[in-house]
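Enquirer: Structure incoming, see below.
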Amino acid sequence: MAELLQYLFAGLTSGAIYALAGLGFAIIYNASHVINFAQGEFIMIGGMTTATLAAAGVPVPLAALAAMAVTMLVGVALEKFAIEPARDSDVVTIIIITIGASIFLRGAAQVVWDKEFHALAPFSGETPIRVLGATLMPQSLWVVGVAMAMIAGLWWFFNRTLFGKAMLATSFNRLAAQLMGIGVKKVLLVSFALSAALGAVGGIVVTPIAFTNYEAGIMLGLKGFSAAVLGGLGNGMGAVVGGLIVGIAEALGAGYVSSAYKDAIAFVIILVVLFFMPNGLFGKKGVDRV
Amino acid sequence: MAKLMNARSGGLALLALVMAVSPLGFTNAYYYDVAVGALFNAMICVGLNLLIGYGGQISLGHGAFFALGAYASAIGTSRWGLPPLAALGGGAVLVGLLAFVLARPILRLKGHYLAMATLGIGMIIYIVLKTEAQWTGGPDGMGVDPLALGGFVLATDRHWYWLAAMLLLVVVWLALNLVESPVGRALRAGHGAQIGAEVVGVDTSHYKVLMFVVSAVVASMVGSLFAHKNGFITPDIAGFHRSIELVTMVVLGGMASIYGSVLGAVLLTLLPQVLAGFDDYEAMIFGAIMMGTMIFLPKGLLPSLITQIRKRAGGRS
């Protein structure tokens, strides 16, 4: 029982990060139907910037804000200079562009920083909390808490603010939204900024647990993509649920089956789900009869 | 020039000529080594382009089929003592079967869902190769004997170059024939207007499955050759990067352009060699070139080039 609880804690923690990454994919996909393979690099840049600034003596909250600003700037630049000019291209072409962007950003991180691992001190110490025989690190609470706050904030933004509603409208029908006077270009820019901010936050809270280096975003990005697809592309809640499923399945698989196959388990689940539900758990339309 | 590129025989002759003349500029064995890598990639990409360019389906997992072929040859020859060609053929059959079984459920998916599924399959194969160390040597990789064909051992990169060059001609010739055959026409019809094609009686899904299997088998066979040539393989050849690299070569060269795939594969294989002098900036420049090419030449290098040439020639086409 204590063992199971331990695995669930671990799963929820990584699941929360995957959920944030998945939400990042979903927001950009909704606004532009682009899958941004550089989403993982947002996470990396957020973590690396915070770690460096904190190591230089900047207070962590300030460093985190600066890291978010830097990452959002990168996100906006990506949209402006790489996605916008290729708006009408093929799906595959745009995938290659975002993959090119992820390689570029990793390369840039290598130049700006180095290839070493960077650490960040846990926000509230390292005294484990004992819960029913299992131990919980305070940083895990930070990860899950911050993720929940971000998700709640996003829900409020998309359902209660005019601009959020405009973004939703754009995702449903771009042309109609444009005819209603919504600045579609601005929606695109904001969606990239928002996704970048989400990624940065994920990177900041996870760095005290996992360290970070210039390649840290690759696996996190793929897991986020998995989460978004599992939940059904473009469905925000789906991405969150997908992220939690992937995280918990991985933790349970690593604990009870084999830790070497931890990463494979997530992909097996996704394949099985896609075989039976070609649009993910909560997705709609887009099936193809074969 | 444009005519030469379009005409099937003209293109093949030009390709043969370029490959025959290139070694004149190879001043040491390293050039041959890189060139063989480029030709191997070209073969895989021609196969993959049948799926991506003509079938309209994306795959982010073909690196894994390449790796399965490589490991089939490595395990078959070194552990079971099979003749190299038997191991190569056996690997190709196994990969073909695997691709066939996977194709139907996978190709039902569209766009990004298909990308995810192929990526997932690639990742699973990669992790299996990395983990089952008693078979594959795990992350440390395993050694492979040189290729011996009836008493003749391909020992030098020069031998490999000529073998790869001949094989590439065969692969390109087969691909061109396939594209011009009823299969190819059906594929293009399915890509252009799927419902329209189905209404006139084309079983589009059947052809997509076929292209998936063909491209996987080509990747597997080249993987086998690569294993013998390199003499050492690690699971990294199945990784996400490898699969991405292959797709990039196809898209960069031009989707639905057989010669474009050859061009894309050669350029992208040479690029890291050229960029090696830039040290830390290598990855940045590589990424920037990838983005720039796709932004400014979204149709890929060769099709854009041909359009340009046609325009110059006075708009005849």
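Each chain in the structure tokens gets a letter, A, B, ..., in the order shown, and its residues are numbered from 1; ligands are numbered from 1 in order too.
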Can you tell me which residues surround stretch 98-104 of chain B at a distance of at most 12 Å, considering only C-alpha atoms, apart from same-chain residues fewer than 5 positions away, and format the answer as a CSV table (one decimal) with C-alpha atoms, in the first residue's frame?
Expert:
chain,number,residue,atom,x,y,z
A,271,LEU,CA,-0.7,3.2,-29.4
A,272,VAL,CA,-3.4,1.0,-27.8
A,275,PHE,CA,-5.8,1.9,-32.3
A,288,ASP,CA,-9.9,7.8,-41.8
A,289,ARG,CA,-11.3,4.5,-42.9
A,290,VAL,CA,-8.7,1.9,-44.0
B,51,LEU,CA,5.2,6.8,-48.4
B,57,GLN,CA,1.5,9.7,-44.9
B,59,SER,CA,6.3,8.5,-40.5
B,61,GLY,CA,9.6,6.0,-36.9
B,62,HIS,CA,11.5,4.8,-39.9
B,64,ALA,CA,13.5,2.0,-36.1
B,65,PHE,CA,13.0,-0.1,-39.2
B,68,LEU,CA,15.8,-3.6,-37.0
B,69,GLY,CA,17.5,-4.5,-40.3
B,91,GLY,CA,15.5,-9.1,-41.5
B,92,ALA,CA,13.7,-7.6,-44.4
B,93,VAL,CA,11.0,-10.2,-44.3
B,109,LEU,CA,-4.9,7.8,-38.2
B,114,LEU,CA,-0.2,9.3,-37.3
B,117,ALA,CA,1.8,6.6,-33.5
B,118,THR,CA,4.8,6.1,-35.8
B,120,GLY,CA,5.6,5.8,-30.5
B,121,ILE,CA,6.4,2.6,-32.5
B,122,GLY,CA,9.9,3.9,-33.2
B,125,ILE,CA,11.6,-0.4,-30.8
B,204,THR,CA,-6.4,3.9,-51.5
B,205,SER,CA,-5.8,2.3,-48.2
B,206,HIS,CA,-4.4,-0.9,-49.8
B,207,TYR,CA,-1.8,1.2,-51.6
B,208,LYS,CA,-0.9,3.2,-48.5
B,209,VAL,CA,-0.3,-0.1,-46.7
B,210,LEU,CA,1.9,-1.2,-49.6
B,211,MET,CA,4.0,1.9,-49.5
B,212,PHE,CA,4.4,1.7,-45.7
B,213,VAL,CA,5.7,-1.9,-46.1
B,214,VAL,CA,7.9,-1.1,-49.1
B,215,SER,CA,9.5,1.9,-47.4
B,216,ALA,CA,10.1,-0.1,-44.2
B,217,VAL,CA,11.7,-3.0,-46.1
B,218,VAL,CA,14.0,-0.6,-48.0
B,219,ALA,CA,15.0,1.0,-44.7
B,220,SER,CA,15.6,-2.5,-43.2
Enquirer: Extract, using only C-alpha atoms, all DNA, RNA and protein residues at most 9 Å from A:Gly280, discarding same-chain residues fewer than 5 positions from it, and format them as a PDB file with C-alpha atoms, in the first residue's frame.
Expert:
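Result file follows (result-v8.pdb):
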ATOM      1  CA  ALA A 228      -1.886  16.079 -25.887  1.00  0.00           C
ATOM      2  CA  VAL A 229      -2.537  13.322 -28.435  1.00  0.00           C
ATOM      3  CA  LEU A 230      -3.741  10.859 -25.796  1.00  0.00           C
ATOM      4  CA  GLY A 231      -6.323  13.354 -24.555  1.00  0.00           C
ATOM      5  CA  GLY A 232      -7.338  14.366 -28.056  1.00  0.00           C
ATOM      6  CA  LEU A 233      -5.498  17.192 -29.828  1.00  0.00           C
ATOM      7  CA  GLY A 238      -7.794  16.098 -22.433  1.00  0.00           C
ATOM      8  CA  ILE A 270      -0.883   5.711 -26.510  1.00  0.00           C
ATOM      9  CA  VAL A 273      -5.657   4.066 -27.222  1.00  0.00           C
ATOM     10  CA  LEU A 274      -5.101   5.354 -30.767  1.00  0.00           C
TER      11      LEU A 274
ATOM     12  CA  TYR B 113      -2.101  11.306 -34.738  1.00  0.00           C
TER      13      TYR B 113
END
Enquirer: Output as number ranges by chain the set of chain A residues within 9 Å of chain B, with distances taken over only C-alpha atoms.
Expert: A: 35, 82-83, 85-86, 89-94, 96-108, 110-111, 225-226, 229, 233, 260-261, 263-268, 270-271, 274-276, 278-280, 286-290
Enquirer: List as an NGL selection string the protein and nucleic acid residues near A:Lys115, meaning an atom at most 10 Å away when only C-alpha atoms are counted, but skip any in the same chain fewer than 4 places from it.
Expert: :A and (109-111 or 212-215)
Enquirer: Within 10 Å of A:Ala239, counting only C-alpha atoms, which residues show up once you throw out same-chain ones fewer than 2 positions away? Write them as an mmCIF file with N, CA and C atoms, in the first residue's frame, please.
Expert:
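Wrote it out as selection.cif, contents follow:
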data_model
loop_
_atom_site.group_PDB
_atom_site.id
_atom_site.type_symbol
_atom_site.label_atom_id
_atom_site.label_comp_id
_atom_site.auth_asym_id
_atom_site.auth_seq_id
_atom_site.Cartn_x
_atom_site.Cartn_y
_atom_site.Cartn_z
ATOM 1 N N TYR A 18 3.965 16.791 -17.434
ATOM 2 C CA TYR A 18 3.504 16.400 -18.774
ATOM 3 C C TYR A 18 2.229 17.151 -19.122
ATOM 4 N N ALA A 19 1.362 17.342 -18.118
ATOM 5 C CA ALA A 19 0.098 18.030 -18.369
ATOM 6 C C ALA A 19 0.367 19.466 -18.821
ATOM 7 N N LEU A 20 1.318 20.137 -18.140
ATOM 8 C CA LEU A 20 1.648 21.514 -18.535
ATOM 9 C C LEU A 20 2.204 21.540 -19.960
ATOM 10 N N ALA A 21 3.099 20.585 -20.259
ATOM 11 C CA ALA A 21 3.663 20.528 -21.612
ATOM 12 C C ALA A 21 2.561 20.226 -22.623
ATOM 13 N N GLY A 22 1.680 19.286 -22.272
ATOM 14 C CA GLY A 22 0.582 18.928 -23.170
ATOM 15 C C GLY A 22 -0.338 20.103 -23.431
ATOM 16 N N LEU A 23 -0.608 20.893 -22.374
ATOM 17 C CA LEU A 23 -1.445 22.084 -22.537
ATOM 18 C C LEU A 23 -0.787 23.063 -23.501
ATOM 19 N N GLY A 24 0.532 23.169 -23.391
ATOM 20 C CA GLY A 24 1.270 24.040 -24.308
ATOM 21 C C GLY A 24 1.034 23.623 -25.750
ATOM 22 N N PHE A 25 1.116 22.304 -26.015
ATOM 23 C CA PHE A 25 0.844 21.793 -27.362
ATOM 24 C C PHE A 25 -0.581 22.139 -27.778
ATOM 25 N N ALA A 26 -1.531 21.918 -26.839
ATOM 26 C CA ALA A 26 -2.948 22.097 -27.168
ATOM 27 C C ALA A 26 -3.258 23.553 -27.518
ATOM 28 N N ILE A 27 -2.687 24.492 -26.766
ATOM 29 C CA ILE A 27 -2.994 25.908 -27.001
ATOM 30 C C ILE A 27 -2.526 26.334 -28.390
ATOM 31 N N GLY A 224 4.934 15.492 -23.535
ATOM 32 C CA GLY A 224 3.855 16.474 -23.640
ATOM 33 C C GLY A 224 3.023 16.248 -24.886
ATOM 34 N N PHE A 225 3.699 15.972 -25.997
ATOM 35 C CA PHE A 225 3.005 15.657 -27.254
ATOM 36 C C PHE A 225 2.138 14.418 -27.046
ATOM 37 N N SER A 226 2.718 13.394 -26.385
ATOM 38 C CA SER A 226 1.951 12.179 -26.084
ATOM 39 C C SER A 226 0.705 12.511 -25.287
ATOM 40 N N ALA A 227 0.881 13.347 -24.259
ATOM 41 C CA ALA A 227 -0.250 13.704 -23.407
ATOM 42 C C ALA A 227 -1.335 14.389 -24.232
ATOM 43 N N ALA A 228 -0.923 15.331 -25.091
ATOM 44 C CA ALA A 228 -1.886 16.079 -25.887
ATOM 45 C C ALA A 228 -2.631 15.164 -26.853
ATOM 46 N N VAL A 229 -1.903 14.231 -27.482
ATOM 47 C CA VAL A 229 -2.537 13.322 -28.435
ATOM 48 C C VAL A 229 -3.440 12.339 -27.710
ATOM 49 N N LEU A 230 -2.960 11.825 -26.575
ATOM 50 C CA LEU A 230 -3.741 10.859 -25.796
ATOM 51 C C LEU A 230 -5.094 11.462 -25.416
ATOM 52 N N GLY A 231 -5.078 12.714 -24.976
ATOM 53 C CA GLY A 231 -6.323 13.354 -24.555
ATOM 54 C C GLY A 231 -7.183 13.782 -25.719
ATOM 55 N N GLY A 232 -6.594 13.851 -26.910
ATOM 56 C CA GLY A 232 -7.338 14.366 -28.056
ATOM 57 C C GLY A 232 -6.811 15.751 -28.359
ATOM 58 N N LEU A 233 -6.166 15.925 -29.515
ATOM 59 C CA LEU A 233 -5.498 17.192 -29.828
ATOM 60 C C LEU A 233 -6.452 18.376 -29.719
ATOM 61 N N GLY A 234 -5.961 19.425 -29.098
ATOM 62 C CA GLY A 234 -6.751 20.645 -29.033
ATOM 63 C C GLY A 234 -7.736 20.659 -27.874
ATOM 64 N N ASN A 235 -7.793 19.584 -27.123
ATOM 65 C CA ASN A 235 -8.679 19.545 -25.964
ATOM 66 C C ASN A 235 -7.842 19.769 -24.707
ATOM 67 N N GLY A 236 -8.001 20.945 -24.097
ATOM 68 C CA GLY A 236 -7.170 21.321 -22.957
ATOM 69 C C GLY A 236 -7.279 20.343 -21.801
ATOM 70 N N MET A 237 -8.541 20.037 -21.398
ATOM 71 C CA MET A 237 -8.729 19.092 -20.303
ATOM 72 C C MET A 237 -8.167 17.722 -20.676
ATOM 73 N N VAL A 241 -5.582 15.412 -18.523
ATOM 74 C CA VAL A 241 -5.850 14.011 -18.171
ATOM 75 C C VAL A 241 -4.797 13.107 -18.814
ATOM 76 N N GLY A 242 -4.501 13.378 -20.097
ATOM 77 C CA GLY A 242 -3.491 12.583 -20.796
ATOM 78 C C GLY A 242 -2.153 12.636 -20.082
ATOM 79 N N GLY A 243 -1.750 13.823 -19.656
ATOM 80 C CA GLY A 243 -0.484 13.975 -18.948
ATOM 81 C C GLY A 243 -0.455 13.164 -17.673
ATOM 82 N N LEU A 244 -1.561 13.228 -16.908
ATOM 83 C CA LEU A 244 -1.613 12.473 -15.653
ATOM 84 C C LEU A 244 -1.575 10.972 -15.917
ATOM 85 N N ILE A 245 -2.303 10.523 -16.954
ATOM 86 C CA ILE A 245 -2.304 9.081 -17.270
ATOM 87 C C ILE A 245 -0.878 8.633 -17.619
ATOM 88 N N GLY A 280 -7.906 10.039 -29.912
ATOM 89 C CA GLY A 280 -7.585 10.225 -28.511
ATOM 90 C C GLY A 280 -8.820 10.044 -27.646
ATOM 91 N N LEU A 281 -8.638 10.248 -26.342
ATOM 92 C CA LEU A 281 -9.732 9.962 -25.421
ATOM 93 C C LEU A 281 -10.898 10.921 -25.583
ATOM 94 N N PHE A 282 -10.602 12.207 -25.746
ATOM 95 C CA PHE A 282 -11.688 13.192 -25.805
ATOM 96 C C PHE A 282 -11.707 13.985 -27.108
#
Enquirer: Would you return as a PyMOL selection string the members of stretch 120-209 of chain B that DSSP assigns to alpha helix (DSSP H) on this structure's backbone?
Expert: chain B and resi 120-131+133-136+157-180+182-192+194-199+204-209
Enquirer: Which of stretch 82-159 of chain A counts as strand (DSSP E) under DSSP, as a PDB file with N, CA and C atoms, in the first residue's frame please?
Expert:
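What follows is the written file states_14.pdb:
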ATOM      1  N   ILE A 129       8.019  14.648   3.586  1.00  0.00           N
ATOM      2  CA  ILE A 129       6.791  14.579   4.375  1.00  0.00           C
ATOM      3  C   ILE A 129       6.335  13.133   4.345  1.00  0.00           C
ATOM      4  N   ARG A 130       6.000  12.558   5.516  1.00  0.00           N
ATOM      5  CA  ARG A 130       5.570  11.153   5.540  1.00  0.00           C
ATOM      6  C   ARG A 130       4.056  11.086   5.455  1.00  0.00           C
ATOM      7  N   VAL A 131       3.556  10.320   4.490  1.00  0.00           N
ATOM      8  CA  VAL A 131       2.111  10.157   4.323  1.00  0.00           C
ATOM      9  C   VAL A 131       1.814   8.668   4.231  1.00  0.00           C
ATOM     10  N   ALA A 134       4.437   6.355   2.989  1.00  0.00           N
ATOM     11  CA  ALA A 134       5.176   6.795   1.813  1.00  0.00           C
ATOM     12  C   ALA A 134       5.792   8.165   2.104  1.00  0.00           C
ATOM     13  N   THR A 135       6.833   8.520   1.359  1.00  0.00           N
ATOM     14  CA  THR A 135       7.419   9.831   1.568  1.00  0.00           C
ATOM     15  C   THR A 135       7.131  10.724   0.364  1.00  0.00           C
ATOM     16  N   LEU A 136       6.932  11.998   0.700  1.00  0.00           N
ATOM     17  CA  LEU A 136       6.604  12.959  -0.348  1.00  0.00           C
ATOM     18  C   LEU A 136       7.570  14.126  -0.209  1.00  0.00           C
TER      19      LEU A 136
END
Enquirer: Determine, counting only C-alpha atoms, which protein, DNA and RNA residues have an atom within 6 Å of an atom of A:Met44; residues of the same chain fewer than 3 positions away are not included. Present the result as a list in words.
Expert: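 Using only C-alpha atoms, the neighbours found are Glu41, Gly47, Met48, Gly203, Ala216 and Gly217 of chain A.
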Enquirer: Work out how far apart atom CA of B:Ser304 and atom CA of B:Ala189 are and give it in Å to one decimal.
Expert: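 About the pair atom CA of B:Ser304 and atom CA of B:Ala189: they are 22.2 Å apart.
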Enquirer: Write out as a PyMOL selection string which residues come within 12 Å of B:Trp160 when counting only C-alpha atoms, dropping same-chain ones fewer than 3 positions away.
Expert: chain B and resi 29+31-40+146-148+153-157+163-168+225-226+228-230
Enquirer: Write a file of the just-selected residues containing N, CA and C atoms, as a JSON list (two decimals), in the first residue's frame.
Expert:
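Okay, this is what ended up in selection-v1.json:
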[["chain", "number", "residue", "atom", "x", "y", "z"],
["B", 29, "ALA", "N", 40.24, 8.14, -47.89],
["B", 29, "ALA", "CA", 39.22, 7.14, -47.59],
["B", 29, "ALA", "C", 38.02, 7.75, -46.88],
["B", 31, "TYR", "N", 36.45, 10.49, -47.45],
["B", 31, "TYR", "CA", 35.47, 10.96, -48.41],
["B", 31, "TYR", "C", 34.54, 9.81, -48.82],
["B", 32, "TYR", "N", 35.18, 8.64, -49.08],
["B", 32, "TYR", "CA", 34.37, 7.48, -49.45],
["B", 32, "TYR", "C", 33.42, 7.12, -48.33],
["B", 33, "ASP", "N", 33.92, 7.17, -47.11],
["B", 33, "ASP", "CA", 33.11, 6.83, -45.94],
["B", 33, "ASP", "C", 31.85, 7.70, -45.88],
["B", 34, "VAL", "N", 32.06, 9.02, -45.98],
["B", 34, "VAL", "CA", 30.93, 9.96, -45.94],
["B", 34, "VAL", "C", 29.99, 9.73, -47.13],
["B", 35, "ALA", "N", 30.60, 9.49, -48.31],
["B", 35, "ALA", "CA", 29.79, 9.31, -49.51],
["B", 35, "ALA", "C", 28.90, 8.07, -49.39],
["B", 36, "VAL", "N", 29.44, 6.99, -48.83],
["B", 36, "VAL", "CA", 28.64, 5.78, -48.65],
["B", 36, "VAL", "C", 27.46, 6.08, -47.73],
["B", 37, "GLY", "N", 27.73, 6.83, -46.66],
["B", 37, "GLY", "CA", 26.64, 7.22, -45.75],
["B", 37, "GLY", "C", 25.56, 7.98, -46.51],
["B", 38, "ALA", "N", 25.98, 8.89, -47.38],
["B", 38, "ALA", "CA", 25.03, 9.70, -48.15],
["B", 38, "ALA", "C", 24.20, 8.81, -49.07],
["B", 39, "LEU", "N", 24.85, 7.84, -49.73],
["B", 39, "LEU", "CA", 24.13, 6.97, -50.66],
["B", 39, "LEU", "C", 23.14, 6.07, -49.90],
["B", 40, "PHE", "N", 23.57, 5.57, -48.75],
["B", 40, "PHE", "CA", 22.66, 4.76, -47.92],
["B", 40, "PHE", "C", 21.41, 5.58, -47.57],
["B", 146, "PRO", "N", 32.46, -7.89, -41.35],
["B", 146, "PRO", "CA", 32.36, -7.28, -42.68],
["B", 146, "PRO", "C", 31.51, -8.15, -43.60],
["B", 147, "LEU", "N", 30.99, -7.54, -44.66],
["B", 147, "LEU", "CA", 30.12, -8.26, -45.59],
["B", 147, "LEU", "C", 30.96, -9.11, -46.53],
["B", 148, "ALA", "N", 30.69, -10.43, -46.54],
["B", 148, "ALA", "CA", 31.38, -11.33, -47.46],
["B", 148, "ALA", "C", 30.35, -11.90, -48.41],
["B", 153, "VAL", "N", 35.21, -10.28, -49.88],
["B", 153, "VAL", "CA", 34.91, -9.48, -48.69],
["B", 153, "VAL", "C", 34.97, -8.00, -49.04],
["B", 154, "LEU", "N", 33.87, -7.29, -48.74],
["B", 154, "LEU", "CA", 33.89, -5.84, -48.96],
["B", 154, "LEU", "C", 34.63, -5.21, -47.78],
["B", 155, "ALA", "N", 35.90, -4.97, -48.01],
["B", 155, "ALA", "CA", 36.73, -4.54, -46.89],
["B", 155, "ALA", "C", 36.91, -3.03, -46.85],
["B", 156, "THR", "N", 36.98, -2.37, -47.99],
["B", 156, "THR", "CA", 37.30, -0.94, -47.97],
["B", 156, "THR", "C", 36.07, -0.10, -48.29],
["B", 157, "ASP", "N", 36.16, 1.18, -47.96],
["B", 157, "ASP", "CA", 35.08, 2.10, -48.25],
["B", 157, "ASP", "C", 34.89, 2.28, -49.75],
["B", 163, "LEU", "N", 29.34, -0.44, -54.55],
["B", 163, "LEU", "CA", 28.14, -1.25, -54.28],
["B", 163, "LEU", "C", 26.93, -0.34, -54.00],
["B", 164, "ALA", "N", 27.13, 0.64, -53.13],
["B", 164, "ALA", "CA", 26.03, 1.55, -52.76],
["B", 164, "ALA", "C", 25.55, 2.33, -53.98],
["B", 165, "ALA", "N", 26.50, 2.75, -54.82],
["B", 165, "ALA", "CA", 26.12, 3.52, -56.01],
["B", 165, "ALA", "C", 25.24, 2.68, -56.93],
["B", 166, "MET", "N", 25.64, 1.42, -57.13],
["B", 166, "MET", "CA", 24.84, 0.55, -58.00],
["B", 166, "MET", "C", 23.47, 0.31, -57.40],
["B", 167, "LEU", "N", 23.45, 0.04, -56.10],
["B", 167, "LEU", "CA", 22.17, -0.23, -55.44],
["B", 167, "LEU", "C", 21.25, 0.99, -55.50],
["B", 168, "LEU", "N", 21.83, 2.18, -55.35],
["B", 168, "LEU", "CA", 20.99, 3.38, -55.40],
["B", 168, "LEU", "C", 20.34, 3.52, -56.78],
["B", 225, "LEU", "N", 22.97, -3.41, -44.53],
["B", 225, "LEU", "CA", 24.22, -3.04, -45.20],
["B", 225, "LEU", "C", 25.04, -2.12, -44.29],
["B", 226, "PHE", "N", 24.35, -1.16, -43.69],
["B", 226, "PHE", "CA", 25.04, -0.21, -42.81],
["B", 226, "PHE", "C", 25.75, -0.95, -41.68],
["B", 228, "HIS", "N", 26.98, -4.01, -41.61],
["B", 228, "HIS", "CA", 28.20, -4.65, -42.10],
["B", 228, "HIS", "C", 29.28, -3.64, -42.41],
["B", 229, "LYS", "N", 28.86, -2.53, -43.01],
["B", 229, "LYS", "CA", 29.85, -1.52, -43.41],
["B", 229, "LYS", "C", 30.48, -0.87, -42.20],
["B", 230, "ASN", "N", 29.63, -0.51, -41.25],
["B", 230, "ASN", "CA", 30.13, 0.22, -40.09],
["B", 230, "ASN", "C", 30.91, -0.69, -39.15]]
Enquirer: Grab the atom CA of B:Trp135 to atom CA of B:Ser78 distance for me, in Å with one decimal place.
Expert: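 Spanning atom CA of B:Trp135 to atom CA of B:Ser78 is a straight-line distance of 10.8 Å.
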